[in-house]
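Asks: Structure in structure tokens, see below.
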Amino acid sequence: MGQLAQATAGQQLQPLNTMNDMHQLIASHRKQIESVMSGALTADRLYGLLQSAVSREPKLLQCTPESIVACCMKCSTLGLEPSSVDGLGKAYILPYGNKNLASGRPEATFILGYKGMLDLARRSGELKSITVTAAFDGDGIELMMGQDGEPWLTEMPINLDASHDPANLRFVFLCAKFTNGGSHAEYMTKSEIDAVRARSKAGNAGPWKTDYVAMAKKTIIRRAFPYLPIDTQAQKAAVADETTPTYSFLARPADSIEGE
């Protein structure tokens with residue numbers, strides 16, 4: 001496949017079939033991409049993130065090129081690299097989006113990970129601590145309700161021999177303490193978590209399938225976000241979770257830059 005066609009207001013980028021096609025995509029739209037990048041990310045670094053994402057999820061090459069680049073750009077803007085890069089499950093780029101009406105190809109989906117949500121929550125500097133606990137059958141963790149209506153966990157010895165199989169999850173519990181002395185605590189039962197999973201586009205694949213407990217923890221963090229002293233960027237990231245970020249910047253004409 002030759003040099004990728006330039007995207008204009010009424011056109012789609014050519015489909016990708018190989019990582020070489022991906023490299024050409026970055027090269028031919030380098031100016032638009034660099035104009036919206038933040039921090040230390042470069043076009044070459046973006047290509048590295050794309051390589052890592054595709055090596056983890058080869059089906060991404062079936063998605064629209066615009067959506068793949070946009071998801072990687074979202075990761076870079078938030079400073080959360082795809083999980084195949086850092087192994088911490090901070091963010092995922094998955095081929096489980098809506099069909100693009102013009103091309104009929106799927107669009108890549110941006111999904112925040114559990115540790116990515118924690119990272120975003122802590123950036124405001126107004127959280128003294130935030131912990132998320134997963135309780136399983138037989139582990140000795142019990143949930144109590146205080147007179148003020150705020151839940152709390154009993155301080156009991158934990159049974160380390162209890163099975164932490166996702167099927168044995170009972171609930172997840174979040175406790176956040178603020179630097180001003182305030183706090184917020186809440187819990188979600190497994191049935192509530194499964195209801196959220198059922199509404200997810202990637203509910204039967206990706207991290208929901210491979211890292212269920214981590215996604216359960218992420219779910220309660222996202223639910224608690226409106227009650228936490230976090231910055232606007234974190235709030236927007238929570239809203240953008242499990243969507244295809246905008247890629248309108250790729251529709252602007254730009255000078256072609258040949259790939260290396």
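Ligands are numbered from 1 in the order shown, chains are lettered A, B, ... in the order of the structure tokens, and residues start at 1 in each chain.
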With 6 Å as the cut-off and only C-alpha atoms counted, what is the closest atom pair between each nearby residue of stretch 137-246 of chain A and stretch 99-112 of chain A? Distances in Å to one decimal, ordered by chain and number, as CSV.

Replies:
residue,atom,partner,partner_atom,distance
A:Asp241,CA,A:Ile111,CA,5.2
A:Glu242,CA,A:Ile111,CA,4.8
A:Thr243,CA,A:Thr109,CA,5.3
A:Thr244,CA,A:Thr109,CA,4.9

Asks: Those same residues, written as a PDB file, in the first residue's frame with N, CA, C and O atoms?

Replies:
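Saved result, out-v9.pdb, follows:
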ATOM      1  N   ASP A 241     -14.854   8.018  29.061  1.00  0.00           N
ATOM      2  CA  ASP A 241     -14.579   6.590  29.206  1.00  0.00           C
ATOM      3  C   ASP A 241     -15.525   5.767  28.339  1.00  0.00           C
ATOM      4  O   ASP A 241     -16.725   6.042  28.249  1.00  0.00           O
ATOM      5  N   GLU A 242     -14.977   4.741  27.684  1.00  0.00           N
ATOM      6  CA  GLU A 242     -15.723   3.817  26.827  1.00  0.00           C
ATOM      7  C   GLU A 242     -16.387   4.524  25.650  1.00  0.00           C
ATOM      8  O   GLU A 242     -17.515   4.213  25.255  1.00  0.00           O
ATOM      9  N   THR A 243     -15.683   5.497  25.088  1.00  0.00           N
ATOM     10  CA  THR A 243     -16.149   6.188  23.880  1.00  0.00           C
ATOM     11  C   THR A 243     -15.002   6.248  22.878  1.00  0.00           C
ATOM     12  O   THR A 243     -13.860   5.907  23.195  1.00  0.00           O
ATOM     13  N   THR A 244     -15.308   6.697  21.686  1.00  0.00           N
ATOM     14  CA  THR A 244     -14.282   7.005  20.694  1.00  0.00           C
ATOM     15  C   THR A 244     -14.038   8.502  20.747  1.00  0.00           C
ATOM     16  O   THR A 244     -14.943   9.284  20.454  1.00  0.00           O
TER      17      THR A 244
END

Asks: Taking only residues of stretch 195-241 of chain A that have an atom at most 9 Å from an atom of stretch 153-170 of chain A, what is each one's shortest atom pair and its distance in Å to one decimal, using only C-alpha atoms, in chain and number order, as CSV?

Replies:
residue,atom,partner,partner_atom,distance
A:Asp211,CA,A:Pro166,CA,8.9
A:Tyr212,CA,A:Pro166,CA,6.5
A:Val213,CA,A:Pro166,CA,6.2

Asks: Could you write out, as a ChimeraX atom specification, all the residues of stretch 8-189 of chain A that DSSP marks as strand (DSSP E or B)?

Replies: /A:91-94,99,106,109-112,127-136,143-145,151-153,169-178,183-189

Asks: Any chance you can output those residues with N, CA and C atoms as a CSV table (one decimal), in the first residue's frame?

Replies:
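Below is the file part_31.csv, written as the result:
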chain,number,residue,atom,x,y,z
A,91,ALA,N,-5.0,2.3,31.1
A,91,ALA,CA,-5.9,2.6,30.0
A,91,ALA,C,-5.8,1.5,29.0
A,92,TYR,N,-6.9,1.4,28.2
A,92,TYR,CA,-6.9,0.4,27.2
A,92,TYR,C,-7.5,1.0,25.9
A,93,ILE,N,-7.0,0.5,24.8
A,93,ILE,CA,-7.6,0.9,23.5
A,93,ILE,C,-8.1,-0.4,22.9
A,94,LEU,N,-9.4,-0.5,22.7
A,94,LEU,CA,-10.0,-1.8,22.2
A,94,LEU,C,-10.8,-1.6,21.0
A,99,LYS,N,-19.9,1.2,14.7
A,99,LYS,CA,-19.5,1.2,13.3
A,99,LYS,C,-19.4,2.6,12.7
A,106,PRO,N,-15.3,-0.7,12.3
A,106,PRO,CA,-15.5,-0.4,13.7
A,106,PRO,C,-14.6,0.7,14.1
A,109,THR,N,-12.2,2.0,20.8
A,109,THR,CA,-12.8,2.5,22.0
A,109,THR,C,-11.7,2.8,23.1
A,110,PHE,N,-11.8,4.0,23.7
A,110,PHE,CA,-10.9,4.3,24.8
A,110,PHE,C,-11.5,3.9,26.1
A,111,ILE,N,-10.8,3.1,26.9
A,111,ILE,CA,-11.3,2.6,28.2
A,111,ILE,C,-10.3,2.9,29.3
A,112,LEU,N,-10.7,3.6,30.3
A,112,LEU,CA,-9.9,3.8,31.5
A,112,LEU,C,-9.8,2.6,32.3
A,127,LEU,N,-6.8,15.1,47.8
A,127,LEU,CA,-7.1,13.8,48.4
A,127,LEU,C,-6.0,13.4,49.3
A,128,LYS,N,-6.3,13.2,50.6
A,128,LYS,CA,-5.3,12.7,51.5
A,128,LYS,C,-5.0,11.2,51.3
A,129,SER,N,-6.1,10.5,51.0
A,129,SER,CA,-6.0,9.1,50.6
A,129,SER,C,-7.2,8.6,49.9
A,130,ILE,N,-7.1,7.6,49.1
A,130,ILE,CA,-8.3,6.9,48.5
A,130,ILE,C,-8.0,5.4,48.4
A,131,THR,N,-8.8,4.6,48.9
A,131,THR,CA,-8.6,3.2,48.9
A,131,THR,C,-9.9,2.5,48.4
A,132,VAL,N,-9.7,1.4,47.6
A,132,VAL,CA,-10.8,0.6,47.1
A,132,VAL,C,-10.6,-0.8,47.5
A,133,THR,N,-11.5,-1.4,48.2
A,133,THR,CA,-11.4,-2.8,48.7
A,133,THR,C,-12.4,-3.7,48.0
A,134,ALA,N,-12.0,-4.8,47.6
A,134,ALA,CA,-12.9,-5.8,47.0
A,134,ALA,C,-13.1,-6.9,48.1
A,135,ALA,N,-14.4,-7.2,48.4
A,135,ALA,CA,-14.7,-8.2,49.4
A,135,ALA,C,-15.2,-9.5,48.8
A,136,PHE,N,-14.7,-10.6,49.2
A,136,PHE,CA,-15.1,-11.9,48.6
A,136,PHE,C,-15.7,-12.8,49.7
A,143,LEU,N,-19.4,-5.3,55.9
A,143,LEU,CA,-19.8,-3.9,55.7
A,143,LEU,C,-20.8,-3.5,56.8
A,144,MET,N,-20.6,-2.4,57.3
A,144,MET,CA,-21.4,-1.8,58.4
A,144,MET,C,-21.9,-0.4,57.9
A,145,MET,N,-23.0,0.0,58.5
A,145,MET,CA,-23.6,1.3,58.2
A,145,MET,C,-23.6,2.2,59.5
A,151,PRO,N,-21.2,4.2,55.0
A,151,PRO,CA,-20.7,2.9,55.2
A,151,PRO,C,-19.3,2.8,55.7
A,152,TRP,N,-18.9,1.7,56.4
A,152,TRP,CA,-17.6,1.5,56.8
A,152,TRP,C,-17.3,0.0,56.9
A,153,LEU,N,-16.0,-0.4,56.8
A,153,LEU,CA,-15.7,-1.8,56.9
A,153,LEU,C,-15.3,-2.2,58.3
A,169,LEU,N,-16.9,-12.6,44.3
A,169,LEU,CA,-16.9,-11.2,44.7
A,169,LEU,C,-18.3,-10.8,45.3
A,170,ARG,N,-18.3,-10.2,46.5
A,170,ARG,CA,-19.6,-9.7,47.1
A,170,ARG,C,-19.9,-8.3,46.9
A,171,PHE,N,-18.9,-7.4,47.1
A,171,PHE,CA,-19.0,-6.0,46.9
A,171,PHE,C,-17.7,-5.3,46.8
A,172,VAL,N,-17.6,-4.1,46.4
A,172,VAL,CA,-16.4,-3.3,46.4
A,172,VAL,C,-16.8,-2.0,47.2
A,173,PHE,N,-15.8,-1.6,48.0
A,173,PHE,CA,-15.9,-0.5,48.9
A,173,PHE,C,-14.9,0.6,48.7
A,174,LEU,N,-15.3,1.8,48.6
A,174,LEU,CA,-14.4,3.0,48.4
A,174,LEU,C,-14.4,3.9,49.6
A,175,CYS,N,-13.2,4.3,50.0
A,175,CYS,CA,-13.1,5.3,51.1
A,175,CYS,C,-12.1,6.4,50.7
A,176,ALA,N,-12.5,7.6,50.6
A,176,ALA,CA,-11.7,8.7,50.3
A,176,ALA,C,-11.6,9.7,51.4
A,177,LYS,N,-10.4,10.1,51.8
A,177,LYS,CA,-10.3,11.2,52.8
A,177,LYS,C,-9.6,12.4,52.2
A,178,PHE,N,-10.2,13.6,52.5
A,178,PHE,CA,-9.8,14.8,51.9
A,178,PHE,C,-8.8,15.5,52.7
A,183,SER,N,-14.6,13.5,54.1
A,183,SER,CA,-14.4,12.1,53.6
A,183,SER,C,-15.6,11.7,52.7
A,184,HIS,N,-15.4,10.7,52.0
A,184,HIS,CA,-16.6,10.1,51.2
A,184,HIS,C,-16.4,8.6,51.2
A,185,ALA,N,-17.4,7.8,51.4
A,185,ALA,CA,-17.4,6.4,51.4
A,185,ALA,C,-18.6,5.9,50.7
A,186,GLU,N,-18.5,4.8,49.9
A,186,GLU,CA,-19.7,4.2,49.3
A,186,GLU,C,-19.3,2.7,48.9
A,187,TYR,N,-20.3,2.0,48.5
A,187,TYR,CA,-20.1,0.6,48.1
A,187,TYR,C,-21.0,0.2,47.0
A,188,MET,N,-20.6,-0.8,46.2
A,188,MET,CA,-21.4,-1.3,45.2
A,188,MET,C,-21.5,-2.9,45.3
A,189,THR,N,-22.6,-3.5,45.2
A,189,THR,CA,-22.7,-4.9,45.2
A,189,THR,C,-22.3,-5.5,43.9

Asks: If you run DSSP on this backbone, which residues of stretch 16-259 of chain A come out as alpha helix (DSSP H), and could you give them as a PyMOL selection string?

Replies: chain A and resi 19-28+30-36+43-56+65-78+83-86+114-122+190-199+207-210+212-224+232-240

Asks: Which of these residues is nearest to A:Ala53, using only C-alpha atoms: A:Pro82, A:Gly125, A:Gly203, A:Pro226?

Replies: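 Counting only C-alpha atoms, the residue closest to A:Ala53 is A:Pro82.
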